[in-house]
>>> print(open('my_file-v3.cif').read())   # mmCIF, C-alpha atoms
data_target
loop_
_atom_site.label_atom_id
_atom_site.label_comp_id
_atom_site.auth_asym_id
_atom_site.auth_seq_id
_atom_site.Cartn_x
_atom_site.Cartn_y
_atom_site.Cartn_z
CA MET A 1 -47.90 55.88 -49.76
CA ALA A 2 -46.54 53.38 -52.26
CA GLY A 3 -46.37 49.71 -51.27
CA LYS A 4 -42.65 49.52 -50.58
CA GLU A 5 -42.65 52.62 -48.39
CA ARG A 6 -45.66 51.28 -46.48
CA ILE A 7 -43.83 48.00 -45.84
CA ALA A 8 -40.67 49.78 -44.68
CA GLN A 9 -42.60 52.14 -42.40
CA ARG A 10 -44.58 49.28 -40.84
CA ALA A 11 -41.38 47.27 -40.28
CA ALA A 12 -39.80 50.24 -38.51
CA GLN A 13 -42.75 50.33 -36.09
CA ASP A 14 -42.07 46.70 -35.19
CA LEU A 15 -38.55 47.38 -33.85
CA GLU A 16 -37.66 47.81 -30.18
CA PRO A 17 -35.60 50.94 -29.45
CA PHE A 18 -31.86 50.29 -28.96
CA SER A 19 -31.98 47.06 -30.96
CA ILE A 20 -29.03 45.90 -33.04
CA ILE A 21 -30.48 45.58 -36.55
CA ASN A 22 -29.10 44.20 -39.80
CA LEU A 23 -30.87 45.35 -42.96
CA GLY A 24 -30.83 43.32 -46.16
CA ILE A 25 -30.85 44.71 -49.69
CA GLY A 26 -33.98 46.36 -51.18
CA ILE A 27 -37.04 47.12 -49.04
CA PRO A 28 -35.13 46.26 -45.81
CA THR A 29 -32.62 49.05 -46.53
CA MET A 30 -35.55 51.51 -46.78
CA VAL A 31 -36.56 50.71 -43.18
CA ALA A 32 -33.71 52.97 -42.03
CA ASP A 33 -35.59 55.96 -43.50
CA TYR A 34 -38.32 55.50 -40.87
CA LEU A 35 -36.09 54.99 -37.82
CA ASP A 36 -34.94 57.57 -35.31
CA LYS A 37 -31.29 56.66 -35.87
CA ASP A 38 -30.21 57.85 -32.42
CA ASN A 39 -32.27 55.03 -30.94
CA TYR A 40 -31.16 52.11 -33.10
CA TYR A 41 -27.84 50.49 -33.97
CA LEU A 42 -27.57 49.37 -37.56
CA HIS A 43 -25.10 46.59 -38.36
CA THR A 44 -23.83 45.81 -41.85
CA GLU A 45 -22.05 42.53 -42.47
CA ASN A 46 -19.22 44.10 -44.44
CA GLY A 47 -17.89 45.40 -41.14
CA LEU A 48 -19.65 48.36 -39.51
CA LEU A 49 -21.85 48.77 -36.45
CA GLY A 50 -23.35 52.26 -36.56
CA VAL A 51 -24.58 52.74 -40.11
CA THR A 52 -26.28 56.03 -40.84
CA SER A 53 -27.31 57.95 -43.95
CA VAL A 54 -24.88 60.17 -45.84
CA GLU A 55 -25.30 63.42 -47.78
CA GLU A 56 -24.22 63.35 -51.42
CA GLU A 57 -21.28 65.73 -50.81
CA ASN A 58 -19.95 63.56 -47.95
CA ILE A 59 -19.95 60.23 -49.78
CA ASP A 60 -16.82 58.18 -49.09
CA PRO A 61 -16.24 55.43 -51.70
CA LEU A 62 -14.68 53.21 -49.02
CA LEU A 63 -17.70 53.44 -46.70
CA VAL A 64 -20.53 51.28 -48.01
CA ASN A 65 -23.23 48.89 -46.78
CA ALA A 66 -23.71 45.25 -47.77
CA GLY A 67 -25.54 46.40 -50.91
CA LYS A 68 -22.39 48.41 -51.80
CA LEU A 69 -24.36 51.64 -51.41
CA PRO A 70 -22.67 54.65 -49.77
CA VAL A 71 -23.53 55.10 -46.09
CA GLY A 72 -22.44 57.30 -43.19
CA GLU A 73 -20.76 56.56 -39.88
CA ALA A 74 -22.90 57.19 -36.78
CA VAL A 75 -21.46 58.64 -33.57
CA GLY A 76 -20.12 55.68 -31.59
CA ALA A 77 -19.65 53.52 -34.69
CA SER A 78 -17.05 50.75 -34.94
CA TYR A 79 -15.37 48.82 -37.74
CA PHE A 80 -14.38 45.15 -37.74
CA HIS A 81 -13.29 42.45 -40.17
CA SER A 82 -15.66 40.02 -41.87
CA ALA A 83 -15.03 37.04 -39.57
CA ASP A 84 -15.85 39.16 -36.50
CA SER A 85 -18.89 40.57 -38.28
CA PHE A 86 -20.29 37.10 -38.91
CA ALA A 87 -19.39 36.00 -35.38
CA MET A 88 -21.76 38.78 -34.29
CA ILE A 89 -24.42 37.40 -36.65
CA ARG A 90 -24.10 33.66 -36.04
CA GLY A 91 -23.33 34.15 -32.37
CA GLY A 92 -26.75 35.65 -31.67
CA HIS A 93 -25.55 39.20 -31.02
CA VAL A 94 -27.76 40.81 -33.68
CA ASP A 95 -31.29 41.37 -32.37
CA VAL A 96 -33.18 41.59 -35.66
CA ALA A 97 -32.40 40.76 -39.27
CA ILE A 98 -34.76 42.33 -41.78
CA LEU A 99 -34.64 40.40 -45.04
CA GLY A 100 -36.43 40.24 -48.36
CA ALA A 101 -37.93 37.01 -49.67
CA LEU A 102 -38.84 35.30 -52.90
CA GLN A 103 -41.09 32.87 -51.01
CA ILE A 104 -42.03 32.11 -47.41
CA ASP A 105 -43.90 28.93 -46.58
CA ALA A 106 -46.41 27.80 -43.97
CA ALA A 107 -43.59 26.19 -41.98
CA GLY A 108 -41.88 29.60 -41.76
CA ARG A 109 -39.05 28.73 -44.14
CA VAL A 110 -37.66 31.51 -46.29
CA ALA A 111 -36.34 31.24 -49.86
CA ASN A 112 -34.40 34.33 -50.86
CA TRP A 113 -31.12 33.37 -52.50
CA ALA A 114 -31.75 31.37 -55.68
CA ILE A 115 -34.28 30.95 -58.47
CA PRO A 116 -34.67 27.49 -60.03
CA GLY A 117 -33.42 27.44 -63.60
CA LYS A 118 -31.31 30.56 -63.15
CA ASP A 119 -27.60 30.62 -62.40
CA ILE A 120 -26.89 30.12 -58.72
CA ILE A 121 -23.76 32.17 -58.26
CA GLY A 122 -24.39 34.28 -55.15
CA VAL A 123 -25.58 33.78 -51.58
CA GLY A 124 -23.86 36.51 -49.56
CA GLY A 125 -24.79 36.66 -45.88
CA ALA A 126 -28.45 35.60 -46.10
CA MET A 127 -27.95 32.07 -44.75
CA ASP A 128 -25.86 33.29 -41.81
CA LEU A 129 -28.38 36.00 -40.90
CA LEU A 130 -31.27 33.55 -40.97
CA VAL A 131 -29.63 31.11 -38.58
CA GLY A 132 -28.04 33.68 -36.31
CA ALA A 133 -30.22 36.74 -35.70
CA LYS A 134 -32.45 36.59 -32.62
CA LYS A 135 -35.49 37.68 -34.62
CA ILE A 136 -36.21 37.39 -38.34
CA LEU A 137 -38.47 39.98 -39.92
CA ILE A 138 -39.34 39.49 -43.57
CA THR A 139 -40.37 42.47 -45.68
CA THR A 140 -41.77 41.70 -49.11
CA ASN A 141 -44.48 42.53 -51.58
CA HIS A 142 -47.42 40.24 -50.91
CA VAL A 143 -47.32 38.81 -54.43
CA SER A 144 -44.57 38.63 -57.04
CA LYS A 145 -44.44 40.82 -60.15
CA ASP A 146 -46.57 38.33 -62.11
CA GLY A 147 -49.18 38.30 -59.36
CA SER A 148 -48.36 34.86 -57.98
CA PRO A 149 -48.46 34.41 -54.19
CA LYS A 150 -45.15 34.63 -52.31
CA ILE A 151 -46.54 33.27 -49.05
CA VAL A 152 -47.03 29.66 -50.06
CA GLU A 153 -47.79 26.30 -48.47
CA GLU A 154 -44.32 24.93 -49.27
CA CYS A 155 -41.39 26.73 -50.89
CA THR A 156 -40.66 25.63 -54.47
CA TYR A 157 -37.54 27.80 -54.57
CA PRO A 158 -34.41 26.58 -52.75
CA ILE A 159 -34.71 27.50 -49.06
CA THR A 160 -32.16 29.74 -47.36
CA SER A 161 -32.48 28.12 -43.94
CA THR A 162 -34.65 25.73 -41.98
CA ARG A 163 -35.01 28.36 -39.26
CA ARG A 164 -38.40 30.06 -39.40
CA ALA A 165 -39.16 33.74 -39.89
CA ASP A 166 -40.85 35.37 -36.89
CA VAL A 167 -42.74 38.18 -38.64
CA ILE A 168 -43.78 38.80 -42.26
CA ILE A 169 -44.70 42.33 -43.31
CA THR A 170 -46.13 42.86 -46.80
CA ASP A 171 -47.82 45.80 -48.51
CA LEU A 172 -51.14 44.25 -47.46
CA ALA A 173 -50.69 42.47 -44.14
CA VAL A 174 -48.67 41.48 -41.11
CA PHE A 175 -48.27 37.81 -40.13
CA ARG A 176 -46.68 36.65 -36.88
CA TRP A 177 -45.53 33.14 -35.99
CA ILE A 178 -47.53 32.18 -32.92
CA HIS A 179 -47.24 28.65 -31.45
CA ASP A 180 -47.27 26.45 -34.55
CA GLY A 181 -48.06 28.69 -37.50
CA TYR A 182 -48.58 32.15 -38.90
CA VAL A 183 -51.37 34.35 -37.65
CA LEU A 184 -52.63 37.26 -39.74
CA THR A 185 -52.54 40.04 -37.18
CA ASP A 186 -52.90 43.26 -39.20
CA LEU A 187 -54.38 44.43 -42.48
CA LEU A 188 -52.53 47.37 -44.06
CA GLY A 189 -54.00 50.13 -46.23
CA ASP A 190 -57.27 49.05 -47.81
CA ALA A 191 -56.55 45.30 -47.66
CA THR A 192 -59.41 42.99 -46.68
CA LEU A 193 -59.50 39.47 -45.26
CA GLN A 194 -60.91 38.32 -48.60
CA GLU A 195 -58.01 39.86 -50.54
CA ILE A 196 -55.41 38.25 -48.27
CA ALA A 197 -57.13 34.89 -48.63
CA GLU A 198 -57.02 35.19 -52.43
CA LYS A 199 -53.36 36.22 -52.54
CA THR A 200 -51.97 33.77 -49.95
CA THR A 201 -51.68 30.03 -50.62
CA ALA A 202 -50.09 29.18 -47.27
CA SER A 203 -52.42 28.10 -44.50
CA TYR A 204 -52.64 30.65 -41.68
CA ARG A 205 -54.93 31.65 -38.85
CA VAL A 206 -56.65 35.00 -38.52
CA SER A 207 -56.40 37.01 -35.34
CA ASP A 208 -59.75 37.40 -33.53
CA LYS A 209 -59.48 41.19 -33.62
CA LEU A 210 -59.42 41.11 -37.43
CA TYR A 211 -62.64 39.10 -37.66
CA GLU A 212 -64.33 41.93 -35.81
CA LYS A 213 -62.72 44.53 -38.07
CA GLY A 214 -63.52 42.45 -41.17
CA SER A 215 -67.21 42.24 -40.27
CA THR A 216 -67.51 46.02 -40.29
CA LYS A 217 -66.12 46.37 -43.85
CA MET B 1 12.44 38.30 -39.31
CA ASN B 2 12.60 42.00 -39.92
CA ILE B 3 13.81 42.75 -43.42
CA PRO B 4 12.89 45.76 -45.56
CA LYS B 5 9.43 45.03 -46.88
CA HIS B 6 8.69 47.73 -49.42
CA ILE B 7 8.91 46.19 -52.91
CA ASP B 8 7.83 47.02 -56.44
CA VAL B 9 4.43 45.78 -57.51
CA ASP B 10 6.00 43.65 -60.28
CA GLN B 11 8.23 41.94 -57.70
CA ALA B 12 5.12 41.28 -55.63
CA VAL B 13 3.13 39.53 -58.35
CA ALA B 14 6.23 37.60 -59.48
CA ASN B 15 5.51 35.44 -56.42
CA VAL B 16 2.33 34.25 -58.10
CA LYS B 17 2.84 31.09 -60.17
CA SER B 18 0.49 29.20 -62.47
CA ASP B 19 -1.77 26.73 -60.57
CA ASP B 20 -1.44 28.75 -57.34
CA THR B 21 -4.25 29.52 -54.95
CA ILE B 22 -4.48 33.26 -54.35
CA MET B 23 -6.50 35.14 -51.74
CA VAL B 24 -7.57 38.61 -52.78
CA GLY B 25 -9.10 41.03 -50.27
CA GLY B 26 -12.05 43.31 -50.84
CA PHE B 27 -15.83 43.55 -50.77
CA GLY B 28 -16.50 44.33 -54.40
CA LEU B 29 -13.88 46.94 -55.26
CA VAL B 30 -13.90 48.34 -51.70
CA GLY B 31 -10.69 47.28 -49.98
CA SER B 32 -9.49 45.46 -53.07
CA PRO B 33 -5.74 45.60 -53.96
CA LEU B 34 -6.36 47.20 -57.36
CA THR B 35 -2.71 47.94 -58.15
CA MET B 36 -1.60 44.34 -57.64
CA ILE B 37 -4.63 43.02 -59.54
CA ASP B 38 -3.65 45.30 -62.44
CA ALA B 39 -0.10 43.92 -62.30
CA LEU B 40 -1.48 40.37 -62.36
CA THR B 41 -3.30 41.17 -65.60
CA HIS B 42 0.16 41.81 -67.13
CA TRP B 43 1.77 38.74 -65.54
CA ASP B 44 1.90 35.49 -67.47
CA VAL B 45 0.10 32.97 -65.24
CA THR B 46 -2.83 30.61 -65.73
CA ASN B 47 -4.94 28.12 -63.83
CA LEU B 48 -5.27 30.28 -60.73
CA THR B 49 -7.69 29.48 -57.94
CA ILE B 50 -8.97 32.76 -56.55
CA ILE B 51 -10.34 32.99 -53.02
CA SER B 52 -12.19 36.29 -52.88
CA ASN B 53 -15.73 37.30 -51.90
CA ASN B 54 -16.47 38.36 -55.50
CA VAL B 55 -14.72 38.05 -58.84
CA GLY B 56 -14.63 41.84 -59.11
CA GLU B 57 -17.15 43.34 -61.49
CA THR B 58 -17.50 42.82 -65.25
CA GLY B 59 -14.17 43.93 -66.75
CA LYS B 60 -13.02 45.45 -63.45
CA GLY B 61 -10.65 44.19 -60.76
CA LEU B 62 -10.52 40.39 -60.79
CA GLY B 63 -13.08 40.50 -63.62
CA ILE B 64 -10.19 41.29 -65.96
CA LEU B 65 -8.32 38.12 -64.95
CA LEU B 66 -11.50 36.16 -65.66
CA GLN B 67 -11.77 37.70 -69.15
CA GLN B 68 -8.12 36.79 -69.76
CA GLY B 69 -8.85 33.15 -68.97
CA LYS B 70 -6.35 33.06 -66.10
CA LEU B 71 -8.76 31.60 -63.57
CA LYS B 72 -9.42 27.91 -63.02
CA LYS B 73 -11.63 28.22 -59.97
CA ALA B 74 -13.25 30.88 -57.78
CA VAL B 75 -14.12 30.43 -54.11
CA GLY B 76 -16.38 33.11 -52.62
CA SER B 77 -19.90 34.07 -51.55
CA TYR B 78 -21.28 36.51 -54.09
CA PHE B 79 -20.31 36.22 -57.74
CA THR B 80 -23.55 37.89 -58.81
CA SER B 81 -21.77 41.24 -59.06
CA ASN B 82 -19.95 39.97 -62.16
CA ARG B 83 -22.46 38.61 -64.67
CA GLU B 84 -19.68 37.03 -66.75
CA VAL B 85 -18.98 34.51 -63.99
CA ALA B 86 -22.15 32.59 -64.86
CA LYS B 87 -21.19 32.49 -68.56
CA TRP B 88 -17.71 31.07 -67.85
CA TYR B 89 -19.15 28.61 -65.33
CA ASN B 90 -21.87 27.38 -67.72
CA GLU B 91 -19.30 26.90 -70.48
CA GLY B 92 -17.29 24.70 -68.15
CA LYS B 93 -14.34 27.10 -68.16
CA LEU B 94 -14.54 28.10 -64.50
CA GLU B 95 -15.15 26.03 -61.37
CA LEU B 96 -17.05 27.66 -58.52
CA ASP B 97 -17.17 26.95 -54.82
CA LEU B 98 -20.00 29.05 -53.41
CA LEU B 99 -20.03 29.48 -49.63
CA PRO B 100 -22.25 31.54 -47.32
CA GLN B 101 -20.33 34.73 -46.55
CA GLY B 102 -19.94 33.96 -42.84
CA THR B 103 -18.71 30.45 -43.61
CA PHE B 104 -16.29 31.88 -46.18
CA ALA B 105 -14.90 34.38 -43.65
CA GLU B 106 -14.64 31.81 -40.86
CA ALA B 107 -12.94 29.29 -43.18
CA ILE B 108 -10.22 31.88 -43.91
CA ARG B 109 -9.92 32.72 -40.22
CA ALA B 110 -9.62 29.00 -39.43
CA GLY B 111 -7.02 28.56 -42.17
CA GLY B 112 -4.91 31.30 -40.64
CA ALA B 113 -5.40 30.15 -37.07
CA GLY B 114 -4.34 26.53 -37.52
CA ILE B 115 -7.88 25.20 -37.10
CA GLY B 116 -8.66 22.07 -39.12
CA GLY B 117 -12.33 22.90 -39.68
CA PHE B 118 -15.40 24.04 -37.80
CA TYR B 119 -19.06 23.26 -37.35
CA THR B 120 -21.66 25.88 -38.28
CA LYS B 121 -25.46 25.91 -38.38
CA THR B 122 -25.35 28.11 -41.47
CA ALA B 123 -26.67 26.37 -44.61
CA VAL B 124 -27.92 23.25 -42.80
CA GLY B 125 -30.83 21.82 -44.80
CA THR B 126 -30.06 23.88 -47.92
CA GLU B 127 -28.56 23.07 -51.30
CA LEU B 128 -25.21 24.45 -50.13
CA ALA B 129 -25.03 21.66 -47.54
CA GLN B 130 -25.01 18.92 -50.16
CA GLY B 131 -22.10 16.51 -49.75
CA LYS B 132 -21.02 18.05 -46.44
CA GLU B 133 -20.75 16.12 -43.21
CA THR B 134 -23.30 17.01 -40.51
CA ARG B 135 -23.09 16.45 -36.80
CA ASP B 136 -25.58 16.93 -33.97
CA ILE B 137 -24.10 18.88 -31.08
CA ASP B 138 -26.22 19.51 -27.97
CA GLY B 139 -29.41 18.89 -29.90
CA GLU B 140 -28.67 21.06 -32.93
CA THR B 141 -27.42 20.09 -36.38
CA TYR B 142 -24.20 21.62 -37.68
CA LEU B 143 -22.23 21.36 -40.93
CA LEU B 144 -18.52 20.63 -41.06
CA GLU B 145 -16.64 23.27 -43.05
CA LYS B 146 -12.97 23.02 -43.93
CA PRO B 147 -10.40 25.81 -43.60
CA LEU B 148 -9.20 27.88 -46.55
CA LYS B 149 -5.51 28.60 -47.14
CA ALA B 150 -3.56 30.08 -50.02
CA ASP B 151 -0.11 30.25 -51.54
CA VAL B 152 -0.25 34.05 -51.81
CA ALA B 153 -2.58 36.67 -50.29
CA LEU B 154 -2.91 40.05 -51.98
CA ILE B 155 -4.49 42.39 -49.46
CA ARG B 156 -5.25 46.10 -49.09
CA ALA B 157 -4.73 48.30 -46.06
CA GLU B 158 -4.67 52.06 -45.64
CA LYS B 159 -1.27 52.47 -44.06
CA ALA B 160 1.74 50.40 -43.05
CA ASP B 161 4.88 51.07 -41.10
CA THR B 162 8.23 49.87 -42.43
CA LYS B 163 7.95 46.71 -40.33
CA GLY B 164 4.69 45.78 -42.05
CA ASN B 165 2.20 46.58 -39.29
CA LEU B 166 -1.12 47.54 -40.89
CA VAL B 167 -4.04 49.84 -40.18
CA TYR B 168 -7.25 49.80 -42.20
CA TYR B 169 -9.80 52.37 -43.33
CA LYS B 170 -13.55 52.09 -42.67
CA THR B 171 -15.34 49.31 -44.60
CA ALA B 172 -12.24 48.70 -46.74
CA ARG B 173 -11.08 46.38 -43.95
CA ASN B 174 -13.53 43.48 -44.64
CA PHE B 175 -11.64 40.24 -45.51
CA ASN B 176 -8.12 41.72 -45.54
CA PRO B 177 -7.01 41.06 -41.92
CA ILE B 178 -8.09 37.42 -41.99
CA MET B 179 -6.50 36.81 -45.40
CA ALA B 180 -3.27 38.26 -44.03
CA SER B 181 -3.13 35.27 -41.69
CA ALA B 182 -4.03 32.51 -44.13
CA ALA B 183 -1.41 32.50 -46.91
CA ALA B 184 2.22 31.41 -47.18
CA TYR B 185 3.22 34.75 -48.72
CA VAL B 186 1.32 37.97 -47.96
CA VAL B 187 1.65 41.28 -49.76
CA ALA B 188 -0.21 44.35 -48.52
CA GLU B 189 -0.97 47.24 -50.85
CA VAL B 190 -1.10 50.53 -48.95
CA ASP B 191 -1.45 54.26 -49.64
CA GLU B 192 1.34 55.22 -47.27
CA ILE B 193 4.35 53.62 -45.56
CA VAL B 194 5.46 55.40 -42.41
CA ASP B 195 8.47 54.83 -40.14
CA GLU B 196 8.14 52.20 -37.45
CA GLY B 197 6.85 53.72 -34.25
CA GLU B 198 4.56 56.13 -36.05
CA LEU B 199 1.49 53.89 -35.92
CA ASP B 200 -0.41 53.71 -32.66
CA PRO B 201 0.19 50.14 -31.40
CA GLU B 202 -3.43 50.05 -30.18
CA ALA B 203 -4.69 50.83 -33.68
CA ILE B 204 -2.68 48.17 -35.53
CA ALA B 205 -5.18 45.58 -36.78
CA THR B 206 -2.64 43.33 -38.53
CA PRO B 207 0.68 42.84 -36.68
CA HIS B 208 3.75 42.69 -38.95
CA LEU B 209 4.43 38.98 -38.47
CA PHE B 210 1.59 38.30 -40.91
CA VAL B 211 2.98 40.56 -43.64
CA ASP B 212 5.84 39.59 -45.96
CA ALA B 213 5.93 42.59 -48.30
CA LEU B 214 4.43 46.01 -48.95
CA VAL B 215 3.45 47.65 -52.22
CA LYS B 216 2.44 51.29 -52.69
CA SER B 217 -0.99 51.77 -54.25
CA ARG B 218 -1.30 53.28 -57.72
CA TYR B 219 -4.90 52.47 -58.69
CA VAL B 220 -7.36 53.65 -56.04
CA LEU B 221 -11.14 53.64 -55.72
CA THR B 222 -12.55 57.18 -55.61
CA LYS B 223 -15.99 58.74 -55.94
CA GLU B 224 -15.27 58.93 -59.67
CA GLY B 225 -14.39 55.23 -59.90
CA VAL B 226 -10.93 53.66 -60.16
CA VAL B 227 -8.28 56.34 -60.71
CA ASP B 228 -4.60 56.01 -61.66
CA ARG B 229 -2.65 58.17 -59.21
CA GLY B 230 0.65 57.36 -60.92
CA ARG B 231 3.67 55.62 -59.46
#
>>> encode(input="my_file-v3.cif", output="structure tokens")
Amino acid sequence: MAGKERIAQRAAQDLEPFSIINLGIGIPTMVADYLDKDNYYLHTENGLLGVTSVEEENIDPLLVNAGKLPVGEAVGASYFHSADSFAMIRGGHVDVAILGALQIDAAGRVANWAIPGKDIIGVGGAMDLLVGAKKILITTNHVSKDGSPKIVEECTYPITSTRRADVIITDLAVFRWIHDGYVLTDLLGDATLQEIAEKTTASYRVSDKLYEKGSTK
Amino acid sequence: MNIPKHIDVDQAVANVKSDDTIMVGGFGLVGSPLTMIDALTHWDVTNLTIISNNVGETGKGLGILLQQGKLKKAVGSYFTSNREVAKWYNEGKLELDLLPQGTFAEAIRAGGAGIGGFYTKTAVGTELAQGKETRDIDGETYLLEKPLKADVALIRAEKADTKGNLVYYKTARNFNPIMASAAAYVVAEVDEIVDEGELDPEAIATPHLFVDALVKSRYVLTKEGVVDRGR
């Protein structure tokens, strides 16, 4: 399984049935492929609760998700205007927001809307989702395309919110915020503790169960 | 007031004057009043401030008005969908006011509801909070955001009755109902105008008091892109 699919599948396993979930653009959107859609309610900020997949022949150009991709309408779906949609988000009515990230730091802050030196001309709903959703789950490749760590001690990219992310799922590992910092709780695929240490510049703790697993490798 | 509301698209855009602030509905091209935007491209105005989530796409929708140099300023949340916005901005030919999408939507709602501003946690501690007043309320920090209002709103609905009551279609609703409340003059572009009494009162999302005029759609978004259905 390729890295992105592995991340999406692992994120799907982290979701409680019957949660209200908002999926960001990219890997987060792929999470829907691994969900039993009868048991989850997908929210999209452009005004639909009850997003489902759509067959090519049934595509409706006026029915899209926040990434402007065609989607379907689940049984029991509802439509609403943008102010109501963001009232749902900021008001704490969305259980989980799954978002991508450019960087996440040891304090749990996420940077995912702007790159220094590039034109800053779009933010969309990322800042609202980060402050409003009950739980923040970040899905991302462990390192960027040039190999540099994305889980860093302190974000150098502009942050999206001061609110911390609860869970980080990469192609190599799962981190959870426990008490005052991230704990590496799972290794994915063939990843080792050594590899995670080399590819992560943020400080983190390692779950006891992984030390045992690591010693057998 | 209850006067006949169905007008020609050219009459509709004649209400737009140079230096006006115009709200334009739509999420990308979905729910965007494409017929009235087309008419604006043929209407001699400049220095417009556009309040819309995006400035269309490159050379499409509001993107045409940008290419024509008719825009002074854009207020929205996601201009990334039109790469030319950055070029115009960097050349100093376009001002931008970038807002988080929820703040943008709520500012329009506030503008239409007679609210003088609101406090939100969104963007606190980020670059988009620079220069904005903060206030601690019950132990949490909020940003003060001001309402948005316009001279004219150009919105898109699926269907209207002759009074101007509106119903919407799927995710083409987006910013249209709130923009209908927040401008001095509101024109709704629709596919169909039915007699009053034909719309289910429970289904009407925008009551007619918000709507000043109706225009029949000519340019519509289909699976094949934007299509001219003729007048």
>>> interface_residues(input="my_file-v3.cif", of="chain A", to="chain B", cutoff="8 Å", atoms="only C-alpha atoms", output="ChimeraX atom specification")
/A:46-48,59-64,68,79-83,86-87,90,119,121-128,131,158-162
>>> resolve_selection(input="my_file-v3.cif", expression="the PyMOL selection byres ((chain A and resi 36) around 12)", output="PyMOL selection string")
chain A and resi 9+12-13+15-19+31-35+37-42+52-53
>>> residues_around(input="my_file-v3.cif", residues="Ile155 of chain B", least_positions_apart="5", cutoff="9 Å", atoms="all atoms listed in the file", output="number ranges by chain")
B: 23-26, 31-33, 36, 175-177, 179-180, 186-190
>>> closest_residue(input="my_file-v3.cif", among="A:Gln194, A:Thr139, A:Thr156, A:Ser207", to="Pro116 of chain A", atoms="all atoms listed in the file")
A:Thr156
>>> resolve_selection(input="my_file-v3.cif", expression="the PyMOL selection byres ((chain A and resi 185) around 8)", output="list of chain:residue names")
A:Ala173, A:Val174, A:Phe175, A:Arg176, A:Val183, A:Leu184, A:Asp186, A:Leu187, A:Val206, A:Ser207, A:Lys209, A:Leu210
>>> residues_near_point(input="my_file-v3.cif", point="(-41.3, 28.3, -39.7)", cutoff="6 Å", atoms="only C-alpha atoms", output="PDB file with C-alpha atoms, keeping the file's coordinate frame")
ATOM      1  CA  ALA A 107     -43.590  26.190 -41.980  1.00  0.00           C
ATOM      2  CA  GLY A 108     -41.880  29.600 -41.760  1.00  0.00           C
ATOM      3  CA  ARG A 109     -39.050  28.730 -44.140  1.00  0.00           C
ATOM      4  CA  ARG A 164     -38.400  30.060 -39.400  1.00  0.00           C
ATOM      5  CA  ALA A 165     -39.160  33.740 -39.890  1.00  0.00           C
TER       6      ALA A 165
END
>>> resolve_selection(input="my_file-v3.cif", expression="the PyMOL selection byres ((chain A and resi 3-7) around 6)", output="compact mmCIF listing (two decimals) with C-alpha atoms, in the coordinates of the input")
# COMPACT_ATOMS: atom_id res chain seq x y z
CA ALA A 2 -46.54 53.38 -52.26
CA ALA A 8 -40.67 49.78 -44.68
CA GLN A 9 -42.60 52.14 -42.40
CA ARG A 10 -44.58 49.28 -40.84
CA THR A 170 -46.13 42.86 -46.80
CA ASP A 171 -47.82 45.80 -48.51
>>> atom_distance(input="my_file-v3.cif", atom1="atom CA of Leu166 of chain B", atom2="atom CA of Gly114 of chain B")
21.5 Å
>>> closest_residue(input="my_file-v3.cif", among="B:Ala213, B:Glu145, B:Asp191, B:Asp200", to="Gly230 of chain B", atoms="all atoms listed in the file")
B:Asp191
>>> atom_distance(input="my_file-v3.cif", atom1="atom CA of Arg231 of chain B", atom2="atom CA of Val9 of chain B")
10.1 Å
>>> closest_residue(input="my_file-v3.cif", among="A:Gly76, A:Leu129, A:Tyr157, A:Leu172", to="Gly117 of chain A", atoms="all atoms listed in the file")
A:Tyr157
>>> atom_distance(input="my_file-v3.cif", atom1="atom CA of Glu158 of chain B", atom2="atom CA of Asn22 of chain A")
26.3 Å
>>> closest_residue(input="my_file-v3.cif", among="B:Ala129, B:Ala203, B:Val16, B:Ile22", to="Ala39 of chain B", atoms="all atoms listed in the file")
B:Val16
>>> residues_around(input="my_file-v3.cif", residues="Lys73 of chain B", least_positions_apart="3", cutoff="6 Å", atoms="all atoms listed in the file", output="VMD selection string")
chain B and resid 49 94 to 96
>>> residues_near_point(input="my_file-v3.cif", point="(-52.9, 28.0, -42.7)", cutoff="12 Å", atoms="all atoms listed in the file", output="list in words")
Asp105, Ala106, Ala107, Gly108, Ile151, Val152, Glu153, Glu154, Phe175, Trp177, Ile178, Asp180, Gly181, Tyr182, Val183, Leu184, Ile196, Ala197, Thr200, Thr201, Ala202, Ser203, Tyr204, Arg205 and Val206 of chain A
>>> write_last_selection(input="my_file-v3.cif", atoms="C-alpha atoms", output="compact mmCIF listing (two decimals), keeping the file's coordinate frame")
# COMPACT_ATOMS: atom_id res chain seq x y z
CA ASP A 105 -43.90 28.93 -46.58
CA ALA A 106 -46.41 27.80 -43.97
CA ALA A 107 -43.59 26.19 -41.98
CA GLY A 108 -41.88 29.60 -41.76
CA ILE A 151 -46.54 33.27 -49.05
CA VAL A 152 -47.03 29.66 -50.06
CA GLU A 153 -47.79 26.30 -48.47
CA GLU A 154 -44.32 24.93 -49.27
CA PHE A 175 -48.27 37.81 -40.13
CA TRP A 177 -45.53 33.14 -35.99
CA ILE A 178 -47.53 32.18 -32.92
CA ASP A 180 -47.27 26.45 -34.55
CA GLY A 181 -48.06 28.69 -37.50
CA TYR A 182 -48.58 32.15 -38.90
CA VAL A 183 -51.37 34.35 -37.65
CA LEU A 184 -52.63 37.26 -39.74
CA ILE A 196 -55.41 38.25 -48.27
CA ALA A 197 -57.13 34.89 -48.63
CA THR A 200 -51.97 33.77 -49.95
CA THR A 201 -51.68 30.03 -50.62
CA ALA A 202 -50.09 29.18 -47.27
CA SER A 203 -52.42 28.10 -44.50
CA TYR A 204 -52.64 30.65 -41.68
CA ARG A 205 -54.93 31.65 -38.85
CA VAL A 206 -56.65 35.00 -38.52
